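J.: Input query_4.cif, format and content: mmCIF, C-alpha atoms.
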```
data_my_file
loop_
_atom_site.group_PDB
_atom_site.id
_atom_site.type_symbol
_atom_site.label_atom_id
_atom_site.label_comp_id
_atom_site.auth_asym_id
_atom_site.auth_seq_id
_atom_site.Cartn_x
_atom_site.Cartn_y
_atom_site.Cartn_z
ATOM 1 C CA PHE K 1 -13.697 -5.544 -9.606
ATOM 2 C CA SER K 2 -12.212 -6.693 -6.304
ATOM 3 C CA ASN K 3 -10.732 -3.290 -5.449
ATOM 4 C CA ALA K 4 -12.229 0.206 -5.329
ATOM 5 C CA ASN K 5 -9.180 1.642 -7.102
ATOM 6 C CA TYR K 6 -9.713 -0.694 -10.054
ATOM 7 C CA THR K 7 -13.410 0.170 -10.214
ATOM 8 C CA GLY K 8 -12.634 3.865 -9.944
ATOM 9 C CA ILE K 9 -10.064 3.950 -12.725
ATOM 10 C CA TRP K 10 -12.348 1.925 -15.008
ATOM 11 C CA LEU K 11 -15.120 4.483 -14.520
ATOM 12 C CA ALA K 12 -12.641 7.337 -14.947
ATOM 13 C CA LEU K 13 -11.601 5.875 -18.315
ATOM 14 C CA ILE K 14 -15.244 5.997 -19.463
ATOM 15 C CA TRP K 15 -15.649 9.575 -18.229
ATOM 16 C CA PRO K 16 -13.992 11.384 -21.225
ATOM 17 C CA PHE K 17 -16.112 9.378 -23.687
ATOM 18 C CA SER K 18 -19.285 10.299 -21.792
ATOM 19 C CA ILE K 19 -18.266 13.964 -22.066
ATOM 20 C CA ALA K 20 -17.695 13.581 -25.824
ATOM 21 C CA ASN K 21 -21.055 11.851 -26.202
ATOM 22 C CA PHE K 22 -22.800 14.671 -24.337
ATOM 23 C CA ILE K 23 -21.108 17.329 -26.475
ATOM 24 C CA GLU K 24 -22.108 15.470 -29.648
ATOM 25 C CA LYS K 25 -25.807 15.641 -28.754
ATOM 26 C CA LYS K 26 -26.338 19.291 -29.711
ATOM 27 C CA ASN K 27 -30.118 19.325 -29.813
ATOM 28 C CA THR K 28 -32.603 19.106 -26.950
ATOM 29 C CA SER K 29 -33.842 15.621 -27.791
ATOM 30 C CA SER K 30 -34.238 12.713 -25.397
ATOM 31 C CA GLU K 31 -30.756 11.534 -26.421
ATOM 32 C CA LYS K 32 -29.325 14.720 -24.965
ATOM 33 C CA VAL K 33 -31.112 14.086 -21.673
ATOM 34 C CA ILE K 34 -29.976 10.453 -21.551
ATOM 35 C CA SER K 35 -26.367 11.368 -22.319
ATOM 36 C CA PHE K 36 -26.483 13.989 -19.553
ATOM 37 C CA LEU K 37 -27.869 11.477 -17.053
ATOM 38 C CA LEU K 38 -25.130 8.997 -17.962
ATOM 39 C CA LEU K 39 -22.554 11.745 -17.522
ATOM 40 C CA ILE K 40 -23.832 12.582 -14.047
ATOM 41 C CA LEU K 41 -24.171 8.936 -12.987
ATOM 42 C CA ILE K 42 -20.631 8.091 -14.076
ATOM 43 C CA PHE K 43 -19.344 11.094 -12.140
ATOM 44 C CA ILE K 44 -21.269 10.126 -8.985
ATOM 45 C CA CYS K 45 -20.272 6.459 -9.152
ATOM 46 C CA THR K 46 -16.633 7.376 -9.717
ATOM 47 C CA PHE K 47 -16.646 9.756 -6.778
ATOM 48 C CA LEU K 48 -18.296 7.184 -4.500
ATOM 49 C CA THR K 49 -15.452 4.726 -5.034
ATOM 50 C CA PHE K 50 -13.438 7.141 -2.842
ATOM 51 C CA SER K 51 -10.427 6.320 -4.975
ATOM 52 C CA ARG K 52 -7.949 9.177 -5.120
ATOM 53 C CA ASN K 53 -6.701 8.035 -8.509
ATOM 54 C CA ALA K 54 -10.258 8.034 -9.841
ATOM 55 C CA TRP K 55 -10.859 11.549 -8.512
ATOM 56 C CA ILE K 56 -7.717 12.758 -10.256
ATOM 57 C CA GLY K 57 -8.931 11.012 -13.390
ATOM 58 C CA LEU K 58 -12.195 12.965 -13.268
ATOM 59 C CA LEU K 59 -10.257 16.221 -13.056
ATOM 60 C CA ILE K 60 -7.942 15.265 -15.915
ATOM 61 C CA GLY K 61 -10.912 14.294 -18.067
ATOM 62 C CA MET K 62 -12.650 17.617 -17.423
ATOM 63 C CA ALA K 63 -9.457 19.614 -17.976
ATOM 64 C CA LEU K 64 -8.564 17.994 -21.301
ATOM 65 C CA SER K 65 -12.138 18.128 -22.582
ATOM 66 C CA SER K 66 -12.847 21.704 -21.500
ATOM 67 C CA GLY K 67 -9.444 23.307 -22.056
ATOM 68 C CA THR K 68 -9.045 26.878 -20.843
ATOM 69 C CA LYS K 69 -12.645 26.966 -19.597
ATOM 70 C CA PHE K 70 -11.729 24.357 -17.003
ATOM 71 C CA ILE K 71 -8.697 26.304 -15.837
ATOM 72 C CA LYS K 72 -10.627 29.568 -15.466
ATOM 73 C CA ILE K 73 -13.677 28.140 -13.689
ATOM 74 C CA ILE K 74 -12.840 24.824 -12.034
ATOM 75 C CA PHE K 75 -9.217 25.359 -10.994
ATOM 76 C CA PRO K 76 -9.968 28.152 -8.450
ATOM 77 C CA ILE K 77 -12.694 25.964 -6.921
ATOM 78 C CA ILE K 78 -10.365 22.979 -6.642
ATOM 79 C CA THR K 79 -7.651 25.141 -5.113
ATOM 80 C CA THR K 80 -10.072 26.486 -2.511
ATOM 81 C CA PHE K 81 -11.077 22.994 -1.396
ATOM 82 C CA SER K 82 -7.564 21.548 -1.658
ATOM 83 C CA ILE K 83 -5.859 23.955 0.738
ATOM 84 C CA PRO K 84 -7.710 22.833 3.913
ATOM 85 C CA ILE K 85 -7.447 19.161 2.873
ATOM 86 C CA LEU K 86 -3.685 19.385 2.334
ATOM 87 C CA THR K 87 -3.330 21.243 5.617
ATOM 88 C CA SER K 88 -5.362 18.612 7.486
ATOM 89 C CA ILE K 89 -3.075 15.770 6.366
ATOM 90 C CA GLY K 90 0.006 17.581 7.636
ATOM 91 C CA LEU K 91 1.492 19.100 4.493
ATOM 92 C CA ILE K 92 2.234 22.163 6.598
ATOM 93 C CA PRO K 93 3.947 20.980 9.826
ATOM 94 C CA ASN K 94 1.986 23.198 12.177
ATOM 95 C CA ASP K 95 -0.115 21.549 14.899
ATOM 96 C CA PHE K 96 -2.511 24.485 15.207
ATOM 97 C CA LEU K 97 -3.266 24.627 11.474
ATOM 98 C CA ILE K 98 -3.642 20.848 11.302
ATOM 99 C CA GLU K 99 -6.055 20.793 14.234
ATOM 100 C CA GLU K 100 -8.164 23.676 12.922
ATOM 101 C CA SER K 101 -8.366 22.327 9.389
ATOM 102 C CA ARG K 102 -9.510 18.941 10.678
ATOM 103 C CA LYS K 103 -12.523 20.633 12.244
ATOM 104 C CA ILE K 104 -13.878 21.506 8.794
ATOM 105 C CA VAL K 105 -12.481 18.674 6.639
ATOM 106 C CA PRO K 106 -14.344 15.324 6.754
ATOM 107 C CA SER K 107 -12.311 12.686 8.557
ATOM 108 C CA ILE K 108 -12.355 10.342 5.560
ATOM 109 C CA PHE K 109 -9.749 12.612 3.952
ATOM 110 C CA TRP K 110 -7.211 13.059 6.743
ATOM 111 C CA ASN K 111 -7.877 9.881 8.737
ATOM 112 C CA TYR K 112 -7.951 7.395 5.876
ATOM 113 C CA LYS K 113 -7.817 8.417 2.230
ATOM 114 C CA PHE K 114 -4.751 10.651 2.492
ATOM 115 C CA ALA K 115 -3.211 9.271 5.654
ATOM 116 C CA ASN K 116 -0.943 6.818 3.869
ATOM 117 C CA ILE K 117 0.767 8.942 1.233
ATOM 118 C CA GLY K 118 3.787 9.429 3.449
ATOM 119 C CA ILE K 119 3.697 13.079 4.437
ATOM 120 C CA ASN K 120 2.447 12.988 8.012
ATOM 121 C CA SER K 121 3.224 11.307 11.296
ATOM 122 C CA ILE K 122 0.613 8.558 11.049
ATOM 123 C CA SER K 123 2.025 7.261 7.776
ATOM 124 C CA ASN K 124 3.135 3.626 7.835
ATOM 125 C CA PHE K 125 5.283 3.001 4.797
ATOM 126 C CA GLY K 126 3.162 5.196 2.561
ATOM 127 C CA ARG K 127 3.852 6.150 -1.029
ATOM 128 C CA ILE K 128 6.844 8.381 -0.371
ATOM 129 C CA GLU K 129 8.639 5.768 1.753
ATOM 130 C CA ILE K 130 7.996 3.087 -0.877
ATOM 131 C CA TRP K 131 9.165 5.350 -3.701
ATOM 132 C CA THR K 132 12.288 6.339 -1.785
ATOM 133 C CA TYR K 133 13.198 2.697 -1.193
ATOM 134 C CA ALA K 134 12.543 1.865 -4.865
ATOM 135 C CA ILE K 135 14.773 4.733 -6.025
ATOM 136 C CA ASN K 136 17.580 3.461 -3.793
ATOM 137 C CA LEU K 137 17.206 -0.010 -5.311
ATOM 138 C CA ILE K 138 17.381 1.443 -8.826
ATOM 139 C CA TYR K 139 20.522 3.327 -7.824
ATOM 140 C CA ASP K 140 22.101 0.036 -6.707
ATOM 141 C CA GLN K 141 21.245 -1.793 -9.961
ATOM 142 C CA PRO K 142 20.742 0.903 -12.648
ATOM 143 C CA ILE K 143 21.662 -1.078 -15.768
ATOM 144 C CA TRP K 144 19.910 -4.460 -15.607
ATOM 145 C CA GLY K 145 17.553 -3.924 -12.673
ATOM 146 C CA TRP K 146 16.634 -6.548 -10.088
ATOM 147 C CA GLY K 147 14.330 -8.669 -12.229
ATOM 148 C CA SER K 148 10.585 -8.854 -12.701
ATOM 149 C CA GLY K 149 8.551 -9.116 -9.490
ATOM 150 C CA SER K 150 11.570 -8.549 -7.258
ATOM 151 C CA PHE K 151 10.280 -5.541 -5.310
ATOM 152 C CA PRO K 152 7.961 -7.403 -2.873
ATOM 153 C CA ILE K 153 10.791 -9.772 -1.926
ATOM 154 C CA LEU K 154 13.377 -7.017 -1.473
ATOM 155 C CA PHE K 155 10.965 -4.824 0.477
ATOM 156 C CA LYS K 156 9.984 -7.658 2.820
ATOM 157 C CA LEU K 157 13.627 -8.534 3.492
ATOM 158 C CA LYS K 158 14.229 -4.964 4.625
ATOM 159 C CA THR K 159 10.984 -4.120 6.464
ATOM 160 C CA GLU K 160 9.316 -7.501 7.136
ATOM 161 C CA LEU K 161 6.202 -6.015 5.518
ATOM 162 C CA TYR K 162 4.582 -6.966 2.228
ATOM 163 C CA LYS K 163 4.068 -4.448 -0.562
ATOM 164 C CA GLY K 164 3.127 -5.972 -3.904
ATOM 165 C CA HIS K 165 4.675 -3.274 -6.072
ATOM 166 C CA THR K 166 6.240 0.192 -6.082
ATOM 167 C CA HIS K 167 2.938 2.035 -6.690
ATOM 168 C CA ASN K 168 4.553 3.770 -9.671
ATOM 169 C CA ILE K 169 4.903 2.141 -13.070
ATOM 170 C CA LEU K 170 8.053 4.116 -13.946
ATOM 171 C CA LEU K 171 9.815 3.029 -10.773
ATOM 172 C CA GLU K 172 8.550 -0.503 -11.340
ATOM 173 C CA LEU K 173 10.088 -0.591 -14.822
ATOM 174 C CA GLY K 174 13.353 0.970 -13.685
ATOM 175 C CA LEU K 175 13.672 -1.353 -10.701
ATOM 176 C CA SER K 176 12.739 -4.527 -12.586
ATOM 177 C CA PHE K 177 14.414 -3.977 -15.965
ATOM 178 C CA GLY K 178 16.876 -1.099 -15.588
ATOM 179 C CA LEU K 179 17.048 2.523 -16.664
ATOM 180 C CA LEU K 180 17.440 1.830 -20.392
ATOM 181 C CA THR K 181 14.024 0.161 -20.520
ATOM 182 C CA LEU K 182 12.558 2.995 -18.483
ATOM 183 C CA VAL K 183 13.970 5.696 -20.779
ATOM 184 C CA LEU K 184 12.771 3.918 -23.938
ATOM 185 C CA PHE K 185 9.287 3.545 -22.443
ATOM 186 C CA ILE K 186 9.078 7.234 -21.529
ATOM 187 C CA ILE K 187 10.306 8.388 -24.946
ATOM 188 C CA ALA K 188 7.842 6.124 -26.779
ATOM 189 C CA ILE K 189 4.891 7.332 -24.699
ATOM 190 C CA ILE K 190 5.771 11.020 -25.113
ATOM 191 C CA LEU K 191 6.205 10.662 -28.887
ATOM 192 C CA LEU K 192 2.905 8.803 -29.317
ATOM 193 C CA ILE K 193 0.928 11.343 -27.293
ATOM 194 C CA THR K 194 2.590 14.314 -29.005
ATOM 195 C CA TYR K 195 2.319 13.089 -32.597
ATOM 196 C CA SER K 196 -1.205 11.761 -32.159
ATOM 197 C CA TYR K 197 -2.227 15.286 -31.186
ATOM 198 C CA THR K 198 -0.292 17.272 -33.808
ATOM 199 C CA LYS K 199 -1.264 14.918 -36.657
ATOM 200 C CA LYS K 200 -4.897 15.959 -36.494
ATOM 201 C CA ILE K 201 -4.136 19.337 -38.129
ATOM 202 C CA TYR K 202 -3.623 17.500 -41.429
ATOM 203 C CA ARG K 203 -7.083 15.927 -41.400
ATOM 204 C CA GLU K 204 -10.362 17.495 -42.438
ATOM 205 C CA ASN K 205 -12.301 19.117 -39.629
ATOM 206 C CA ASP K 206 -14.888 16.845 -38.066
ATOM 207 C CA ASP K 207 -16.147 18.056 -34.702
ATOM 208 C CA ASN K 208 -17.563 14.686 -33.680
ATOM 209 C CA ASN K 209 -14.418 12.762 -34.552
ATOM 210 C CA GLU K 210 -12.300 15.388 -32.859
ATOM 211 C CA ASN K 211 -14.349 15.129 -29.673
ATOM 212 C CA TYR K 212 -13.935 11.355 -29.546
ATOM 213 C CA GLU K 213 -10.257 11.522 -30.426
ATOM 214 C CA THR K 214 -9.813 13.995 -27.573
ATOM 215 C CA ALA K 215 -11.693 11.565 -25.330
ATOM 216 C CA TRP K 216 -9.450 8.696 -26.468
ATOM 217 C CA ARG K 217 -6.313 10.700 -25.778
ATOM 218 C CA SER K 218 -7.690 11.909 -22.448
ATOM 219 C CA SER K 219 -8.573 8.377 -21.425
ATOM 220 C CA PHE K 220 -5.039 7.197 -22.112
ATOM 221 C CA ILE K 221 -3.561 10.101 -20.148
ATOM 222 C CA ILE K 222 -5.887 9.219 -17.264
ATOM 223 C CA ILE K 223 -4.804 5.573 -17.194
ATOM 224 C CA LEU K 224 -1.149 6.559 -17.560
ATOM 225 C CA SER K 225 -1.395 9.141 -14.773
ATOM 226 C CA SER K 226 -3.092 6.644 -12.477
ATOM 227 C CA GLN K 227 -0.068 4.354 -12.793
ATOM 228 C CA MET K 228 2.056 7.064 -11.188
ATOM 229 C CA LEU K 229 0.307 6.583 -7.819
ATOM 230 C CA ASP K 230 -0.748 2.953 -8.085
ATOM 231 C CA ILE K 231 -0.354 0.139 -10.613
ATOM 232 C CA GLN K 232 -3.794 -1.089 -11.600
ATOM 233 C CA TYR K 233 -2.085 -2.284 -14.796
ATOM 234 C CA PHE K 234 -1.592 -5.650 -13.105
ATOM 235 C CA ASP K 235 -5.345 -6.234 -13.441
ATOM 236 C CA LEU K 236 -5.685 -8.025 -16.804
ATOM 237 C CA ARG K 237 -8.653 -5.957 -18.005
ATOM 238 C CA ILE K 238 -7.005 -2.639 -17.245
ATOM 239 C CA GLY K 239 -3.730 -3.834 -18.741
ATOM 240 C CA ILE K 240 -5.513 -4.712 -21.999
ATOM 241 C CA VAL K 241 -7.260 -1.333 -22.088
ATOM 242 C CA PHE K 242 -3.901 0.394 -21.541
ATOM 243 C CA TRP K 243 -2.507 -1.175 -24.718
ATOM 244 C CA LEU K 244 -5.714 -0.691 -26.707
ATOM 245 C CA LEU K 245 -5.667 3.030 -25.937
ATOM 246 C CA LEU K 246 -1.955 3.244 -26.704
ATOM 247 C CA GLY K 247 -2.454 1.413 -29.979
ATOM 248 C CA GLY K 248 -5.253 3.824 -30.842
ATOM 249 C CA LEU K 249 -2.854 6.750 -30.526
ATOM 250 C CA ARG K 250 -0.552 5.020 -32.997
ATOM 251 C CA ASN K 251 -3.491 4.586 -35.342
ATOM 252 C CA PHE K 252 -4.243 8.331 -35.184
ATOM 253 C CA ILE K 253 -0.720 8.974 -36.437
ATOM 254 C CA LYS K 254 -1.042 6.435 -39.266
#
```
If you convert what's in this file into structure tokens, what do you get?
T.:
Amino acid sequence: FSNANYTGIWLALIWPFSIANFIEKKNTSSEKVISFLLLILIFICTFLTFSRNAWIGLLIGMALSSGTKFIKIIFPIITTFSIPILTSIGLIPNDFLIEESRKIVPSIFWNYKFANIGINSISNFGRIEIWTYAINLIYDQPIWGWGSGSFPILFKLKTELYKGHTHNILLELGLSFGLLTLVLFIIAIILLITYSYTKKIYRENDDNNENYETAWRSSFIIILSSQMLDIQYFDLRIGIVFWLLLGGLRNFIK
């Protein structure tokens, strides 16, 4: 992959399946050890991409695979680490708190990885500014949209800067093709996820199949969630995987 975000999301998509594979190996054989090593290596490699989307994907994968156990054990830990990070990037507009939090938070978080999401003074057309501009464009052309691939042109005319897309697949759809397309897309996705989950109660219990179906569903939710902060979908391989996972959910229902 030519971009760390693409690499990160690809690894994050594998993560739920590695969890399911580890759970399946219930004995203490060499397969159990190998599956555990793969689990750890995928986690480490995903983390080392320093992709925020990939990190979120790891959390989603753990949450959906572990259920309430994740919430009770992992969530307090994440909250503890998140508070100083969010403070260091200026979520709370207090110079003293920002300065103190930056003494304990590694600079890669507040000086680079989270500096461009549009919530502090050093932001230069970060996510929030881009999203705000996209929403205004949708408001101007809500029915038919502006046409496919129009955002970079419109954004450059206004700011003289280049941004290839809206960094949010929902805004991209609404801006390019109008609100009707956006609403139909959202409804279809929600129905597929919901029915693919509820349909399993009519099938015979099979722990292994259930683990992998959970992994499949988790993987799709990860790739869908990642499109809310960036659009890796434009990479052909990730775009194909998006539709393969979505088609799999439809197959669960059938």
J.: Which polymer residues have any atom within 10 Å of an atom of segment 23-37 of chain K, counting all atoms listed in the file, with same-chain residues fewer than 2 positions away left out, as a short mmCIF file (atom, residue, chain, number, x, y, z; two decimals) with C-alpha atoms, in the coordinates of the input?
T.:
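Below is the file part_24.cif, written as the result:
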```cif
data_model
loop_
_atom_site.label_atom_id
_atom_site.label_comp_id
_atom_site.auth_asym_id
_atom_site.auth_seq_id
_atom_site.Cartn_x
_atom_site.Cartn_y
_atom_site.Cartn_z
CA PHE K 17 -16.11 9.38 -23.69
CA SER K 18 -19.28 10.30 -21.79
CA ILE K 19 -18.27 13.96 -22.07
CA ALA K 20 -17.70 13.58 -25.82
CA ASN K 21 -21.06 11.85 -26.20
CA LEU K 39 -22.55 11.74 -17.52
CA ILE K 40 -23.83 12.58 -14.05
CA LEU K 41 -24.17 8.94 -12.99
CA ILE K 42 -20.63 8.09 -14.08
CA PHE K 43 -19.34 11.09 -12.14
CA SER K 65 -12.14 18.13 -22.58
CA ASP K 207 -16.15 18.06 -34.70
CA ASN K 208 -17.56 14.69 -33.68
CA ASN K 209 -14.42 12.76 -34.55
CA ASN K 211 -14.35 15.13 -29.67
CA TYR K 212 -13.94 11.36 -29.55
#
```
J.: Considering only C-alpha atoms, return as a PyMOL selection string whatever protein or nucleic-acid residues lie within 10 Å of segment 144-152 of chain K, sequence-local ones (same chain, fewer than 3 positions apart) excluded.
T.: chain K and resi 130+133-134+137-141+155-157+161-166+172-181
J.: Given 8 Å of margin on each side, can you work out the centre and size in Å (one decimal) of an axis-aligned box holding every listed atom of segment 137-153 of chain K, as JSON?
T.:
```
{"center_x": 15.0, "center_y": -3.2, "center_z": -8.8, "size_x": 30.1, "size_y": 29.1, "size_z": 29.8}
```
J.: Have a look at atom CA of Pro16 of chain K and atom CA of Phe242 of chain K and let me know their distance in Å, one decimal.
T.: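 Separation of atom CA of Pro16 of chain K and atom CA of Phe242 of chain K: 14.9 Å.
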J.: Selection in question (the file shown): the PyMOL selection byres ((chain K and resi 217-223) around 6). Which residues does it include, as JSON, numbers by chain?
T.: {"K": [13, 57, 61, 214, 215, 216, 224, 225, 226, 245]}
J.: Atom CA of Trp55 of chain K and atom CA of Phe81 of chain K are how many Å apart?
T.: 13.5 Å
J.: Check the smallest atom-to-atom distance from each of K:Phe252, K:Trp15, K:Tyr233, K:Phe50 to Thr198 of chain K using only C-alpha atoms, then report the winner.
T.: K:Phe252
J.: Quick one, how far is atom CA of Pro84 of chain K from atom CA of Val105 of chain K?
T.: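 Calculated distance between atom CA of Pro84 of chain K and atom CA of Val105 of chain K is 6.9 Å.
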J.: Report as a ChimeraX atom specification all protein, DNA and RNA residues lying within 7 Å of Ala12 of chain K, evaluated on all atoms listed in the file, omitting residues in the same chain fewer than 5 positions from it.
T.: /K:46,54,57-58
J.: Looking at K:Ile169, K:Ile14, K:Ile253, K:Gln232, which one is nearest to Leu191 of chain K, with distances taken over all atoms listed in the file?
T.: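 Under the stated criterion, the closest residue is K:Ile253.
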